[in-house]
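Engineer: What follows is a structure written as structure tokens; I'll ask about it next.
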Amino acid sequence: MPNVFGTPHKGAEHATQGGDPAESPGTSRFGNHEQVVFCQDEASGLRAIIAIYSTALGPSLGGTRFFPYASEDEALTDVLNLSRGMAYKTALAGLDLGGGKAVIIGDPSVDKNEAMLRAYGRFVQSLNGRYYTACDVGTFSEDMDVIARESTYVTGRTVAHGGAGDSSILTAFGVFQGMRAAAETVWGHPTLRGRRVGVEGVGKVGHRLVEHLIKDGADVVICDVSEAAVERVRAAHPEVEVVADTDAIVRTDLDVYAPCALGGSLNDDTVPALKAKVVCGAANNQLAHTGVEKSLADRDVLYAPDYVVNSGGVIQVADEIGGFNFDRAKARATGIYDTTRKIFALADDEGVPPAVAADRLAERRMTEVGRLRTILL
């Protein structure tokens, strides 16, 4: 099976690992990534990219996103950003795992098939444990079961196959813990009772977050591009308010804005319009570009870094690697509350936005613990 598609990326056709980027034309695009793999199986229609940002703390772990990207370049940009975020996420979750991510280009409702998933599994297997895959947007535990027929480096599997099942359970739980920490920092109490929370995106994670918020006594406003997703929430909680879209929800009078759809929702247009005092949600890569974190801080908006508060899912699937125990995984995810508080305190002490403080804390752990690998056993 060929392993390159589209326009060749010289120096990264199979891997860009270590060495001086100047030695391989084109590798500067990949930043500090250890390895980027382009995968193609023409017969099944597979076109995928696997990106490994770091294995300093252990094998990289990250989900496989199945999405109809407009171009290969768009898919590459997404997987590079997502894999970097996973490295920082696993570091701050206290896991002995690195960060990676994969994307499959296509419409999962049309293009997904058994042969494609199994072909993808063989590419994952070819990395010999440097990358563990799991679920993400467009993929589910049942898909992981199919991929696992060709690879031993798969987590996030169904309960019937010894897995943890739906990782959105602890993802939503962890975001709620981070939101409690933010509420305590801003209003003095770790509860959302009486607060108005806007949840953008009520899919796999968002609808579970709504459950936690309603139970805690919050007033909830929602939006989603899927009418079916909105109706599912309204059927369970007719008291929730529904607004049209992202533009409407950021302009609504909110205490907390929770982005739980795709990334980039915090940008030069939405931040000035934002009325909430806290941003805390499940979406990855919420900041559209560097500098947005400062814009939020300048407007006195407390931002809970996404890769900190949404780490419950990776905690859940990581626990599966050694034999899943839900209570143990949930106990670790409960620690997201303390980690978020620690980051807010560090940001205050160092006079930097929380996103900067979180980066520093993650980088410190990757450096300090990763250094131990140099000690010969």
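Just so we're on the same page: first chain in the structure tokens is A, next is B, and so on; residues restart at 1 for each chain, and ligands are numbered from 1 in the order they show up.
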Excluding same-chain residues fewer than 5 positions from Ala304 in chain A, what lies within 12 Å of it counting only C-alpha atoms, as a ChimeraX atom specification?
Structural biologist: /A:174-183,185-186,256-259,277-287,293,296-297,309-310,336-337,339-345,347,353-358
Engineer: Please identify all polymer residues within 12 Å of Ile214 in chain A, counting only C-alpha atoms, omitting same-chain residues fewer than 6 positions from it, and present them as a list in words.
Structural biologist: Phe176, Thr191, Leu192, Arg193, Gly194, Arg195, Arg196, Val197, Gly198, Val199, His207, Arg208, Val220, Val221, Val233, Ala236, His237, Pro238, Glu239 and Val240 of chain A
Engineer: Selected residues, all heavy atoms, written as a short mmCIF file (atom, residue, chain, number, x, y, z; two decimals), in the first residue's frame, please.
Structural biologist:
```
data_model
loop_
_atom_site.label_atom_id
_atom_site.label_comp_id
_atom_site.auth_asym_id
_atom_site.auth_seq_id
_atom_site.Cartn_x
_atom_site.Cartn_y
_atom_site.Cartn_z
N PHE A 176 -16.74 19.82 33.43
CA PHE A 176 -17.53 20.34 34.54
C PHE A 176 -16.64 20.62 35.76
O PHE A 176 -16.81 21.63 36.45
CB PHE A 176 -18.63 19.34 34.89
CG PHE A 176 -19.51 19.78 36.04
CD1 PHE A 176 -20.29 20.93 35.93
CD2 PHE A 176 -19.55 19.06 37.22
CE1 PHE A 176 -21.09 21.34 36.99
CE2 PHE A 176 -20.35 19.46 38.27
CZ PHE A 176 -21.12 20.61 38.16
N THR A 191 -19.36 26.19 42.24
CA THR A 191 -20.66 25.72 41.75
C THR A 191 -21.15 26.65 40.66
O THR A 191 -20.80 27.84 40.63
CB THR A 191 -21.69 25.66 42.90
OG1 THR A 191 -22.96 25.24 42.36
CG2 THR A 191 -21.85 27.02 43.57
N LEU A 192 -21.98 26.10 39.78
CA LEU A 192 -22.60 26.90 38.72
C LEU A 192 -24.06 27.21 39.04
O LEU A 192 -24.78 27.74 38.17
CB LEU A 192 -22.51 26.15 37.38
CG LEU A 192 -21.14 26.16 36.66
CD1 LEU A 192 -20.66 27.60 36.45
CD2 LEU A 192 -20.11 25.33 37.37
N ARG A 193 -24.47 26.92 40.25
CA ARG A 193 -25.85 27.18 40.66
C ARG A 193 -26.18 28.66 40.47
O ARG A 193 -25.47 29.54 40.95
CB ARG A 193 -26.07 26.78 42.11
CG ARG A 193 -27.50 27.03 42.61
CD ARG A 193 -27.74 26.39 43.96
NE ARG A 193 -27.62 24.94 43.87
CZ ARG A 193 -28.57 24.11 43.46
NH1 ARG A 193 -29.75 24.62 43.08
NH2 ARG A 193 -28.38 22.81 43.40
N GLY A 194 -27.25 28.91 39.75
CA GLY A 194 -27.69 30.28 39.52
C GLY A 194 -26.93 31.00 38.42
O GLY A 194 -27.27 32.14 38.09
N ARG A 195 -25.93 30.35 37.84
CA ARG A 195 -25.15 30.95 36.75
C ARG A 195 -25.78 30.60 35.41
O ARG A 195 -26.39 29.54 35.25
CB ARG A 195 -23.69 30.48 36.78
CG ARG A 195 -22.96 30.83 38.06
CD ARG A 195 -22.82 32.32 38.24
NE ARG A 195 -22.32 32.67 39.58
CZ ARG A 195 -22.23 33.89 40.05
NH1 ARG A 195 -22.63 34.92 39.30
NH2 ARG A 195 -21.78 34.11 41.26
N ARG A 196 -25.59 31.48 34.45
CA ARG A 196 -26.12 31.27 33.10
C ARG A 196 -24.98 30.78 32.22
O ARG A 196 -23.99 31.49 32.00
CB ARG A 196 -26.69 32.59 32.59
CG ARG A 196 -27.45 32.51 31.29
CD ARG A 196 -28.17 33.85 31.08
NE ARG A 196 -28.65 34.05 29.73
CZ ARG A 196 -29.81 33.57 29.28
NH1 ARG A 196 -30.58 32.86 30.08
NH2 ARG A 196 -30.20 33.80 28.03
N VAL A 197 -25.11 29.57 31.71
CA VAL A 197 -24.03 28.92 30.97
C VAL A 197 -24.48 28.65 29.53
O VAL A 197 -25.53 28.02 29.31
CB VAL A 197 -23.60 27.60 31.64
CG1 VAL A 197 -22.44 26.97 30.86
CG2 VAL A 197 -23.22 27.82 33.09
N GLY A 198 -23.69 29.09 28.57
CA GLY A 198 -23.99 28.85 27.16
C GLY A 198 -23.14 27.72 26.62
O GLY A 198 -21.91 27.82 26.64
N VAL A 199 -23.78 26.66 26.16
CA VAL A 199 -23.06 25.50 25.63
C VAL A 199 -23.21 25.49 24.11
O VAL A 199 -24.31 25.27 23.58
CB VAL A 199 -23.60 24.19 26.23
CG1 VAL A 199 -22.82 22.99 25.66
CG2 VAL A 199 -23.51 24.21 27.75
N HIS A 207 -23.93 17.46 25.22
CA HIS A 207 -25.22 17.12 25.86
C HIS A 207 -25.01 16.53 27.24
O HIS A 207 -25.84 16.69 28.14
CB HIS A 207 -26.03 16.17 24.95
CG HIS A 207 -25.79 14.72 25.14
ND1 HIS A 207 -24.76 14.05 24.51
CD2 HIS A 207 -26.43 13.78 25.91
CE1 HIS A 207 -24.79 12.77 24.85
NE2 HIS A 207 -25.77 12.59 25.70
N ARG A 208 -23.86 15.85 27.45
CA ARG A 208 -23.55 15.34 28.79
C ARG A 208 -23.17 16.48 29.74
O ARG A 208 -23.49 16.44 30.94
CB ARG A 208 -22.43 14.30 28.72
CG ARG A 208 -22.80 13.04 27.94
CD ARG A 208 -21.69 12.01 28.00
NE ARG A 208 -21.96 10.86 27.17
CZ ARG A 208 -22.74 9.83 27.52
NH1 ARG A 208 -23.32 9.85 28.72
NH2 ARG A 208 -22.93 8.82 26.72
N VAL A 220 -29.21 27.08 31.47
CA VAL A 220 -28.42 26.67 30.30
C VAL A 220 -29.02 27.20 29.00
O VAL A 220 -30.24 27.12 28.78
CB VAL A 220 -28.30 25.13 30.24
CG1 VAL A 220 -27.51 24.70 29.01
CG2 VAL A 220 -27.64 24.60 31.51
N VAL A 221 -28.13 27.72 28.16
CA VAL A 221 -28.47 28.16 26.80
C VAL A 221 -27.67 27.30 25.85
O VAL A 221 -26.48 27.05 26.08
CB VAL A 221 -28.11 29.64 26.59
CG1 VAL A 221 -28.52 30.11 25.20
CG2 VAL A 221 -28.73 30.52 27.66
N VAL A 233 -31.66 17.37 23.50
CA VAL A 233 -31.49 18.06 24.77
C VAL A 233 -32.80 18.64 25.26
O VAL A 233 -33.16 18.52 26.44
CB VAL A 233 -30.42 19.18 24.65
CG1 VAL A 233 -30.36 20.01 25.92
CG2 VAL A 233 -29.05 18.57 24.35
N ALA A 236 -35.15 16.17 26.89
CA ALA A 236 -34.78 15.82 28.26
C ALA A 236 -34.91 17.00 29.21
O ALA A 236 -35.23 16.84 30.39
CB ALA A 236 -33.35 15.27 28.30
N HIS A 237 -34.66 18.21 28.68
CA HIS A 237 -34.65 19.41 29.52
C HIS A 237 -35.35 20.55 28.77
O HIS A 237 -34.70 21.42 28.19
CB HIS A 237 -33.22 19.82 29.87
CG HIS A 237 -32.44 18.74 30.54
ND1 HIS A 237 -32.66 18.35 31.84
CD2 HIS A 237 -31.43 17.94 30.07
CE1 HIS A 237 -31.83 17.37 32.16
NE2 HIS A 237 -31.07 17.11 31.11
N PRO A 238 -36.67 20.57 28.78
CA PRO A 238 -37.40 21.59 28.03
C PRO A 238 -37.14 23.01 28.53
O PRO A 238 -37.45 23.98 27.83
CB PRO A 238 -38.87 21.19 28.24
CG PRO A 238 -38.88 20.29 29.43
CD PRO A 238 -37.56 19.59 29.43
N GLU A 239 -36.53 23.13 29.72
CA GLU A 239 -36.27 24.46 30.26
C GLU A 239 -35.07 25.15 29.62
O GLU A 239 -34.88 26.36 29.82
CB GLU A 239 -36.06 24.38 31.79
CG GLU A 239 -34.78 23.70 32.24
CD GLU A 239 -34.90 22.19 32.41
OE1 GLU A 239 -35.76 21.59 31.71
OE2 GLU A 239 -34.15 21.63 33.21
N VAL A 240 -34.23 24.44 28.87
CA VAL A 240 -33.06 25.08 28.27
C VAL A 240 -33.50 26.07 27.20
O VAL A 240 -34.52 25.87 26.53
CB VAL A 240 -32.07 24.06 27.66
CG1 VAL A 240 -31.60 23.06 28.70
CG2 VAL A 240 -32.66 23.36 26.46
#
```
Engineer: Please, what distance in Å, to one decimal, runs between CA of Gly201 in chain A and CA of Lys112 in chain A?
Structural biologist: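 Computing the Euclidean distance for CA of Gly201 in chain A and CA of Lys112 in chain A yields 23.3 Å.
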Engineer: Report the distance between CA of Glu368 in chain A and CA of Ala93 in chain A in Å, rounded to one decimal place.
Structural biologist: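 A separation of 15.3 Å between them.
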Engineer: From the list A:Asp166, A:Leu95, A:Leu82, A:Arg47, which residue is nearest Ala119 in chain A when using only C-alpha atoms?
Structural biologist: A:Arg47
Engineer: From range 10-135 of chain A, collect each residue whose DSSP state is strand (DSSP E) and return the set as an MDAnalysis selection string.
Structural biologist: chainID A and resid 35:41 46:54 60:67 98:105 131:135
Engineer: For Thr133 in chain A, which residue among A:Asp327, A:Asp359, A:Glu320, A:Asp253 is the nearest when counting only C-alpha atoms?
Structural biologist: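 Selected residue with least distance to Thr133 in chain A: A:Glu320.
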Engineer: One number please: CA of Gly62 in chain A to CA of Tyr88 in chain A, in Å, one decimal.
Structural biologist: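 Calculated distance between CA of Gly62 in chain A and CA of Tyr88 in chain A is 11.5 Å.
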Engineer: Choose the residue, out of A:Asp338, A:Ile169, A:Gly203, A:Ala228, that has the smallest atom-to-atom separation from Pro190 in chain A; count only C-alpha atoms.
Structural biologist: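 Nearest to Pro190 in chain A: A:Asp338.
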Engineer: Show me, as a count of residues only, the residues that have an atom within 12 Å of Asp298 in chain A when counting only C-alpha atoms, minus same-chain residues fewer than 5 positions from it.
Structural biologist: 10
Engineer: Write out as a list in words each polymer residue whose atoms come within 8 Å of Thr252 in chain A, counting only C-alpha atoms; drop sequence neighbours fewer than 3 positions from it.
Structural biologist: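 Contacts, in chain order: Ala248, Ile249, Leu274 and Lys275 of chain A.
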Engineer: Output the selection as a compact mmCIF listing (two decimals), in the first residue's frame - all heavy atoms for each residue.
Structural biologist:
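Produced file again-v7.txt, reproduced below:
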```txt
# COMPACT_ATOMS: atom_id res chain seq x y z
N ALA A 248 -24.81 34.12 17.89
CA ALA A 248 -25.85 34.51 18.84
C ALA A 248 -25.46 34.15 20.27
O ALA A 248 -25.70 34.94 21.20
CB ALA A 248 -27.17 33.84 18.47
N ILE A 249 -24.85 32.99 20.45
CA ILE A 249 -24.57 32.56 21.83
C ILE A 249 -23.47 33.39 22.48
O ILE A 249 -23.52 33.67 23.67
CB ILE A 249 -24.26 31.04 21.88
CG1 ILE A 249 -24.60 30.49 23.28
CG2 ILE A 249 -22.81 30.75 21.53
CD1 ILE A 249 -24.66 28.97 23.34
N LEU A 274 -17.95 38.84 23.27
CA LEU A 274 -18.25 37.92 24.36
C LEU A 274 -18.66 38.65 25.63
O LEU A 274 -17.99 39.57 26.08
CB LEU A 274 -17.00 37.06 24.62
CG LEU A 274 -17.14 35.84 25.54
CD1 LEU A 274 -18.09 34.83 24.92
CD2 LEU A 274 -15.77 35.21 25.76
N LYS A 275 -19.76 38.22 26.24
CA LYS A 275 -20.24 38.84 27.47
C LYS A 275 -19.94 38.00 28.71
O LYS A 275 -20.06 38.49 29.83
CB LYS A 275 -21.74 39.10 27.37
CG LYS A 275 -22.11 40.10 26.27
CD LYS A 275 -23.59 40.42 26.27
CE LYS A 275 -23.91 41.45 25.19
NZ LYS A 275 -25.36 41.79 25.17
```
